[in-house]
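Shown here: structure.txt, compact mmCIF, C-alpha atoms and all ligand atoms.
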# COMPACT_ATOMS: atom_id res chain seq x y z
CA MET X 62 21.62 19.44 -13.94
CA ILE X 63 18.63 18.39 -15.97
CA VAL X 64 17.36 14.83 -16.21
CA ILE X 65 15.17 13.71 -19.09
CA PRO X 66 13.42 10.55 -17.81
CA LYS X 67 13.56 8.82 -21.19
CA GLU X 68 17.34 9.18 -21.28
CA ILE X 69 18.26 7.50 -18.00
CA ASP X 70 18.19 3.90 -16.79
CA PRO X 71 14.73 3.06 -15.36
CA LYS X 72 16.34 1.84 -12.12
CA ASP X 73 18.06 5.21 -11.67
CA LEU X 74 14.77 6.94 -12.49
CA TYR X 75 13.06 4.87 -9.78
CA LYS X 76 15.72 5.94 -7.26
CA LEU X 77 15.36 9.56 -8.33
CA LEU X 78 11.57 9.46 -7.96
CA ILE X 79 11.44 7.73 -4.57
CA GLY X 80 14.20 10.04 -3.31
CA SER X 81 12.25 13.11 -4.45
CA VAL X 82 8.65 12.24 -3.58
CA LEU X 83 8.86 11.65 0.16
CA PRO X 84 8.06 10.96 2.91
CA ARG X 85 5.39 8.64 1.56
CA PRO X 86 2.60 7.14 3.65
CA ILE X 87 2.27 3.38 3.58
CA ALA X 88 -0.84 1.41 2.65
CA TRP X 89 -0.50 -2.03 4.19
CA VAL X 90 -2.93 -3.80 1.89
CA SER X 91 -4.72 -7.03 2.73
CA SER X 92 -6.49 -8.82 -0.10
CA ILE X 93 -7.70 -12.34 -0.78
CA SER X 94 -7.33 -14.64 -3.79
CA LYS X 95 -10.33 -16.24 -5.46
CA GLU X 96 -9.23 -19.50 -3.80
CA GLY X 97 -9.52 -17.73 -0.43
CA VAL X 98 -5.83 -17.26 0.46
CA PRO X 99 -5.22 -13.95 2.31
CA ASN X 100 -2.36 -11.72 1.18
CA LEU X 101 -0.66 -8.77 2.82
CA ALA X 102 1.86 -6.29 1.34
CA PRO X 103 2.95 -2.65 1.83
CA PHE X 104 2.67 0.05 -0.87
CA SER X 105 4.01 3.57 -0.47
CA PHE X 106 2.78 4.89 -3.79
CA PHE X 107 -0.37 5.72 -1.82
CA THR X 108 -2.74 8.60 -1.07
CA VAL X 109 -6.35 9.78 -0.72
CA ALA X 110 -7.95 10.59 -4.10
CA SER X 111 -11.39 11.85 -3.01
CA THR X 112 -13.38 12.47 0.19
CA VAL X 113 -16.90 12.30 -1.29
CA PRO X 114 -17.00 9.59 -2.41
CA PRO X 115 -14.15 8.44 -0.12
CA VAL X 116 -11.57 6.94 -2.45
CA LEU X 117 -8.00 5.84 -1.75
CA CYS X 118 -5.41 4.96 -4.36
CA PHE X 119 -2.15 3.05 -4.39
CA ALA X 120 0.05 1.69 -7.14
CA PRO X 121 1.60 -1.75 -7.45
CA GLN X 122 4.29 -1.70 -10.13
CA TYR X 123 5.43 -4.56 -12.31
CA SER X 124 8.79 -5.61 -10.90
CA LYS X 125 8.97 -8.76 -13.06
CA VAL X 126 8.22 -9.48 -16.70
CA GLU X 127 8.24 -12.70 -18.71
CA GLU X 128 9.11 -13.15 -22.39
CA LYS X 129 6.56 -15.22 -24.33
CA ASN X 130 6.57 -15.63 -28.14
CA GLY X 131 8.72 -12.52 -28.49
CA LYS X 132 6.30 -10.52 -26.34
CA THR X 133 6.98 -8.99 -22.94
CA ILE X 134 4.29 -10.00 -20.46
CA PRO X 135 4.24 -8.16 -17.10
CA VAL X 136 3.81 -10.31 -13.99
CA PRO X 137 1.27 -8.76 -11.60
CA LYS X 138 2.04 -8.67 -7.89
CA ASP X 139 -0.30 -10.86 -5.82
CA THR X 140 -2.13 -7.80 -4.50
CA LEU X 141 -2.98 -6.61 -8.01
CA ALA X 142 -3.97 -10.10 -9.18
CA ASN X 143 -6.22 -10.61 -6.12
CA ILE X 144 -7.93 -7.24 -6.42
CA LYS X 145 -8.58 -7.77 -10.13
CA GLU X 146 -10.21 -11.09 -9.23
CA THR X 147 -12.12 -10.33 -6.04
CA LYS X 148 -12.50 -6.52 -6.20
CA GLU X 149 -11.98 -5.93 -2.48
CA PHE X 150 -9.11 -4.91 -0.21
CA VAL X 151 -8.27 -3.37 3.15
CA VAL X 152 -5.80 -0.55 3.75
CA ASN X 153 -4.27 -1.01 7.20
CA ILE X 154 -2.30 1.91 8.67
CA VAL X 155 1.22 1.12 9.91
CA SER X 156 2.17 2.35 13.37
CA HIS X 157 5.85 2.35 14.33
CA SER X 158 5.33 -0.76 16.49
CA LEU X 159 4.21 -2.67 13.36
CA ALA X 160 7.00 -1.49 11.03
CA GLU X 161 9.11 -4.63 11.38
CA LYS X 162 6.21 -6.96 10.48
CA MET X 163 5.18 -4.65 7.64
CA ASN X 164 8.68 -4.89 6.19
CA GLN X 165 8.73 -8.70 6.55
CA SER X 166 5.41 -8.89 4.68
CA SER X 167 7.03 -7.24 1.64
CA ALA X 168 9.13 -10.35 0.84
CA PRO X 169 8.29 -11.89 -2.55
CA TYR X 170 6.26 -14.83 -1.23
CA ALA X 171 4.52 -17.16 -3.69
CA HIS X 172 0.88 -16.48 -4.61
CA ASN X 173 -0.48 -19.28 -2.40
CA ILE X 174 1.35 -18.06 0.73
CA ASN X 175 -0.58 -16.28 3.48
CA GLU X 176 1.69 -13.46 4.72
CA PHE X 177 -0.28 -13.17 7.98
CA GLU X 178 0.90 -16.69 8.85
CA LYS X 179 4.36 -16.20 7.37
CA VAL X 180 5.15 -13.13 9.50
CA ASN X 181 3.13 -14.36 12.48
CA LEU X 182 0.66 -11.50 12.50
CA ALA X 183 -2.86 -11.64 13.94
CA SER X 184 -5.76 -10.91 11.61
CA LYS X 185 -9.44 -10.38 12.30
CA PRO X 186 -12.45 -10.54 10.01
CA ALA X 187 -13.62 -7.45 8.17
CA THR X 188 -17.29 -6.55 8.55
CA HIS X 189 -18.28 -5.85 4.93
CA ILE X 190 -15.75 -7.67 2.72
CA LYS X 191 -13.74 -10.89 2.64
CA PRO X 192 -10.08 -9.80 3.06
CA PRO X 193 -9.05 -9.78 6.75
CA LEU X 194 -7.91 -6.79 8.80
CA VAL X 195 -4.50 -6.48 10.46
CA ALA X 196 -5.69 -6.86 14.05
CA GLY X 197 -2.93 -4.65 15.50
CA SER X 198 -3.47 -1.70 13.14
CA LEU X 199 -5.24 1.20 14.85
CA ILE X 200 -6.99 2.16 11.59
CA ASN X 201 -8.27 -0.24 8.92
CA MET X 202 -10.22 0.86 5.88
CA GLU X 203 -12.37 -1.65 4.03
CA CYS X 204 -12.47 -0.83 0.31
CA LYS X 205 -14.36 -1.98 -2.75
CA LEU X 206 -12.61 -1.61 -6.09
CA TYR X 207 -13.52 1.64 -7.84
CA ASP X 208 -11.17 1.40 -10.83
CA ILE X 209 -7.75 0.21 -11.97
CA ILE X 210 -5.72 2.27 -14.40
CA GLU X 211 -2.77 0.46 -15.96
CA ILE X 212 -0.15 3.11 -16.64
CA GLY X 213 2.65 1.09 -18.19
CA HIS X 214 2.68 -2.46 -19.53
CA GLY X 215 6.38 -3.27 -19.00
CA LEU X 216 8.96 -3.44 -16.23
CA LEU X 217 8.30 -0.77 -13.54
CA GLY X 218 4.98 0.14 -15.13
CA GLY X 219 2.38 1.08 -12.55
CA ASN X 220 -1.23 0.19 -11.88
CA LEU X 221 -3.24 2.81 -10.07
CA ILE X 222 -5.77 0.98 -7.93
CA LEU X 223 -8.63 3.14 -6.68
CA GLY X 224 -10.83 1.82 -3.90
CA GLU X 225 -13.97 3.25 -2.35
CA ILE X 226 -13.85 3.10 1.45
CA ILE X 227 -17.03 1.47 2.71
CA CYS X 228 -16.10 1.02 6.37
CA ILE X 229 -13.39 2.47 8.66
CA HIS X 230 -12.33 0.64 11.82
CA LEU X 231 -10.83 2.97 14.43
CA ASN X 232 -9.27 1.81 17.66
CA ASP X 233 -10.91 3.77 20.50
CA SER X 234 -7.49 5.01 21.68
CA VAL X 235 -6.75 6.81 18.41
CA TYR X 236 -10.00 8.69 17.64
CA LYS X 237 -10.86 11.61 19.93
CA ASN X 238 -13.59 14.19 19.22
CA THR X 239 -13.44 13.63 15.45
CA HIS X 240 -9.62 13.90 15.46
CA ILE X 241 -7.00 11.24 14.97
CA ASP X 242 -4.45 11.42 17.80
CA LEU X 243 -1.15 11.40 15.92
CA ASP X 244 0.91 10.53 18.99
CA VAL X 245 -1.19 7.41 19.54
CA LEU X 246 -1.22 6.49 15.84
CA ASP X 247 2.57 7.00 15.58
CA PRO X 248 2.56 6.30 11.82
CA VAL X 249 5.66 5.58 9.76
CA GLY X 250 6.47 6.88 6.29
CA ARG X 251 8.77 5.54 3.63
CA LEU X 252 11.83 7.44 2.46
CA SER X 253 14.32 6.08 -0.08
CA GLY X 254 16.45 2.93 0.09
CA ASN X 255 15.76 1.17 3.38
CA LEU X 256 14.95 4.37 5.25
CA TYR X 257 11.72 5.19 7.05
CA THR X 258 10.54 8.10 9.15
CA THR X 259 8.26 8.65 12.12
CA ILE X 260 6.40 11.93 12.75
CA LYS X 261 8.08 12.84 16.04
CA ASP X 262 9.64 16.02 14.61
CA ARG X 263 6.75 18.31 13.70
CA PHE X 264 6.19 22.01 13.07
CA GLU X 265 3.06 24.02 12.54
CA LEU X 266 2.12 26.63 9.91
CA GLU X 267 -1.15 28.49 10.09
CA ARG X 268 -3.11 28.34 6.83
CA PRO X 269 -3.59 31.77 5.19
C1 LIG J 301 7.53 0.20 2.71
C2 LIG J 301 7.36 -0.45 1.37
C3 LIG J 301 6.65 0.20 0.38
C4 LIG J 301 6.46 -0.40 -0.87
N1 LIG J 301 5.77 0.27 -1.83
C5 LIG J 301 5.54 -0.30 -3.02
C6 LIG J 301 4.77 0.37 -4.01
O1 LIG J 301 4.25 1.48 -3.81
N2 LIG J 301 4.58 -0.26 -5.21
C7 LIG J 301 5.10 -1.50 -5.45
O2 LIG J 301 4.89 -2.05 -6.54
N3 LIG J 301 5.81 -2.17 -4.52
C8 LIG J 301 6.03 -1.61 -3.32
N4 LIG J 301 6.74 -2.29 -2.36
C9 LIG J 301 7.17 -3.67 -2.63
C10 LIG J 301 6.02 -4.66 -2.38
O3 LIG J 301 5.57 -4.60 -1.04
C11 LIG J 301 6.52 -6.09 -2.66
O4 LIG J 301 6.80 -6.20 -4.06
C12 LIG J 301 5.59 -7.19 -2.23
O5 LIG J 301 6.23 -8.44 -2.34
C13 LIG J 301 4.31 -7.25 -3.05
O6 LIG J 301 3.54 -8.29 -2.50
P1 LIG J 301 2.41 -9.06 -3.25
O7 LIG J 301 3.03 -9.79 -4.44
O8 LIG J 301 1.90 -9.99 -2.20
O9 LIG J 301 1.39 -8.07 -3.70
C14 LIG J 301 7.00 -1.70 -1.12
C15 LIG J 301 7.73 -2.35 -0.13
C16 LIG J 301 7.92 -1.73 1.11
C17 LIG J 301 8.71 -2.44 2.18
Any chance you could give the structure as structure tokens?
Ligand SMILES: Cc1cc2nc3c(=O)[nH]c(=O)nc-3n(C[C@H](O)[C@H](O)[C@H](O)COP(=O)(O)O)c2cc1C
Amino acid sequence: MIVIPKEIDPKDLYKLLIGSVLPRPIAWVSSISKEGVPNLAPFSFFTVASTVPPVLCFAPQYSKVEEKNGKTIPVPKDTLANIKETKEFVVNIVSHSLAEKMNQSSAPYAHNINEFEKVNLASKPATHIKPPLVAGSLINMECKLYDIIEIGHGLLGGNLILGEIICIHLNDSVYKNTHIDLDVLDPVGRLSGNLYTTIKDRFELERP
């Protein structure tokens, strides 16, 4: 079977893509509005883009659009709106023990709602930027906006947000002799639908 993306329903294309590109790591992104309201949401369209300079990227999509004067206007998610305004964010890594709260924080709360309070999650101040850290995350990366590339301007269009990491917070239990202890970190990844994965089942291949 061959699928030509242009010829299928965008919702089916979304399902095809998230079912094919997996498991995906999760950036649990804290940001802050210009009025000072913290925001927290997970994004699994996420990876490292560069080591020197250290740059991460993730992609909030437009999942809502509004019609105005015959024009389709995409509605940015709070994370995208905040980062455009304040140019800072934190990527918090999600351990298995935090998966439930991470999922709760993905609900479509209004712009003026603080998800930390809504899901009853402790935060702590960052050291270099304004958005708070997820206190329970074993790794938090403070980022300053590097660039935003808008890829589509309609429903399910993406926005690639690139952020330069300026400070990494590592819990002492997780960082040993320059290595991250994966058993301690116990990260989760996103699959398709409502499925997630842990990294309990691992195998090794020596690099040629
Ligand atoms: C595990 C997980 C991964 C997600 N990944 C993405 C993603 O990569 N891009 C996206 O636009 N939405 C993603 N979502 C949905 C957003 O988290 C959701 O739309 C959220 O309400 C956005 O919050 P905000 O408006 O506060 O930014 C994901 C949800 C979950 C639970």
Wanna dump the chain X-ligand LIG 301 (chain J) contacts at 6 Å for me, each residue with its shortest atom pair and the distance in Å to one decimal, counting all atoms listed in the file, ordered by chain and number, as CSV?
residue,atom,partner,partner_atom,distance
X:Asn100,CA,J:LIG301,O8,5.7
X:Leu101,CA,J:LIG301,O8,5.8
X:Ala102,CA,J:LIG301,O6,4.6
X:Pro103,CA,J:LIG301,O3,4.3
X:Phe104,CA,J:LIG301,N1,3.3
X:Ser105,CA,J:LIG301,O1,3.9
X:Phe106,CA,J:LIG301,O1,3.7
X:Ala120,CA,J:LIG301,N2,5.3
X:Pro121,CA,J:LIG301,O2,3.4
X:Gln122,CA,J:LIG301,O2,3.7
X:Lys138,CA,J:LIG301,O7,3.8
X:Asp139,CA,J:LIG301,O7,3.8
X:Thr140,CA,J:LIG301,O9,3.6
X:Asn164,CA,J:LIG301,C17,4.7
X:Ser167,CA,J:LIG301,O3,4.0
X:Ala168,CA,J:LIG301,O5,4.7
X:Pro169,CA,J:LIG301,O5,4.0
X:Arg251,CA,J:LIG301,C1,5.6
Quiz prompt | Contacts of segment 215-219 of chain X within 8 Å, only C-alpha atoms, excl. fewer than 2 positions in-chain, as a VMD selection string | solution = chain X and resid 71 120 to 126 133 to 135 211 to 213 221
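Using all atoms listed in the file, the smallest distance between any of X:Lys185, X:Lys95, X:Lys129, X:His240 and Asn153 of chain X comes from X:Lys185.
Compared by their closest atoms to Val109 of chain X, and using all atoms listed in the file, the residues X:Lys205, X:Val152, X:Val64, X:Lys72 rank with X:Val152 nearest.
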Exercise. Please provide as an MDAnalysis selection string all residues within 12 Å of Gly224 of chain X, with the sequence filter that same-chain residues fewer than 6 positions apart are discarded (counting all atoms listed in the file).
Key: chainID X and resid 88 90 107:112 114:120 144:145 148:152 202:210
Taking every listed atom of segment 106-121 of chain X and adding 4 Å to each side, what centre and edge lengths in Å (one decimal) does the axis-aligned box have, as JSON?
{"center_x": -7.1, "center_y": 5.4, "center_z": -3.6, "size_x": 27.8, "size_y": 22.2, "size_z": 15.6}
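Closest approach to Glu146 of chain X among X:Ser92, X:Ser158, X:Gln165, X:Ser184 is made by X:Ser92 (distances from only C-alpha atoms).
In this comparison, which uses all atoms listed in the file, the residue of X:Leu182, X:His172, X:Ile200, X:Asp244 approaching Leu231 of chain X most closely is X:Ile200.
Atom CA of Asn255 of chain X is found 18.8 Å from atom CA of Ile154 of chain X.
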Tell me, as a CSV table (one decimal) with C-alpha atoms, in the frame of the given file, which residues lie within 8 Å of segment 260-265 of chain X, counting all atoms listed in the file; anything in the same chain fewer than 6 positions away does not count.
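Here's the written file around_30.csv:
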chain,number,residue,atom,x,y,z
X,247,ASP,CA,2.6,7.0,15.6
X,248,PRO,CA,2.6,6.3,11.8
X,249,VAL,CA,5.7,5.6,9.8
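Across X:Lys67, X:Ile222, X:Met62, X:Gly80, the tightest approach to Gly254 of chain X is made by X:Gly80 when counting all atoms listed in the file.
Note that the spacing between atom CA of Thr259 of chain X and atom CA of Ile87 of chain X amounts to 11.7 Å.
One distance worth recording is that between atom CA of Ser81 of chain X and atom CA of Asn220 of chain X, which is 20.1 Å.
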Exercise. Can you work out which one of X:Lys76, X:Asp242, X:Thr147, X:Tyr257 has the shortest atom-to-atom distance to Lys191 of chain X, counting only C-alpha atoms?
Key: X:Thr147
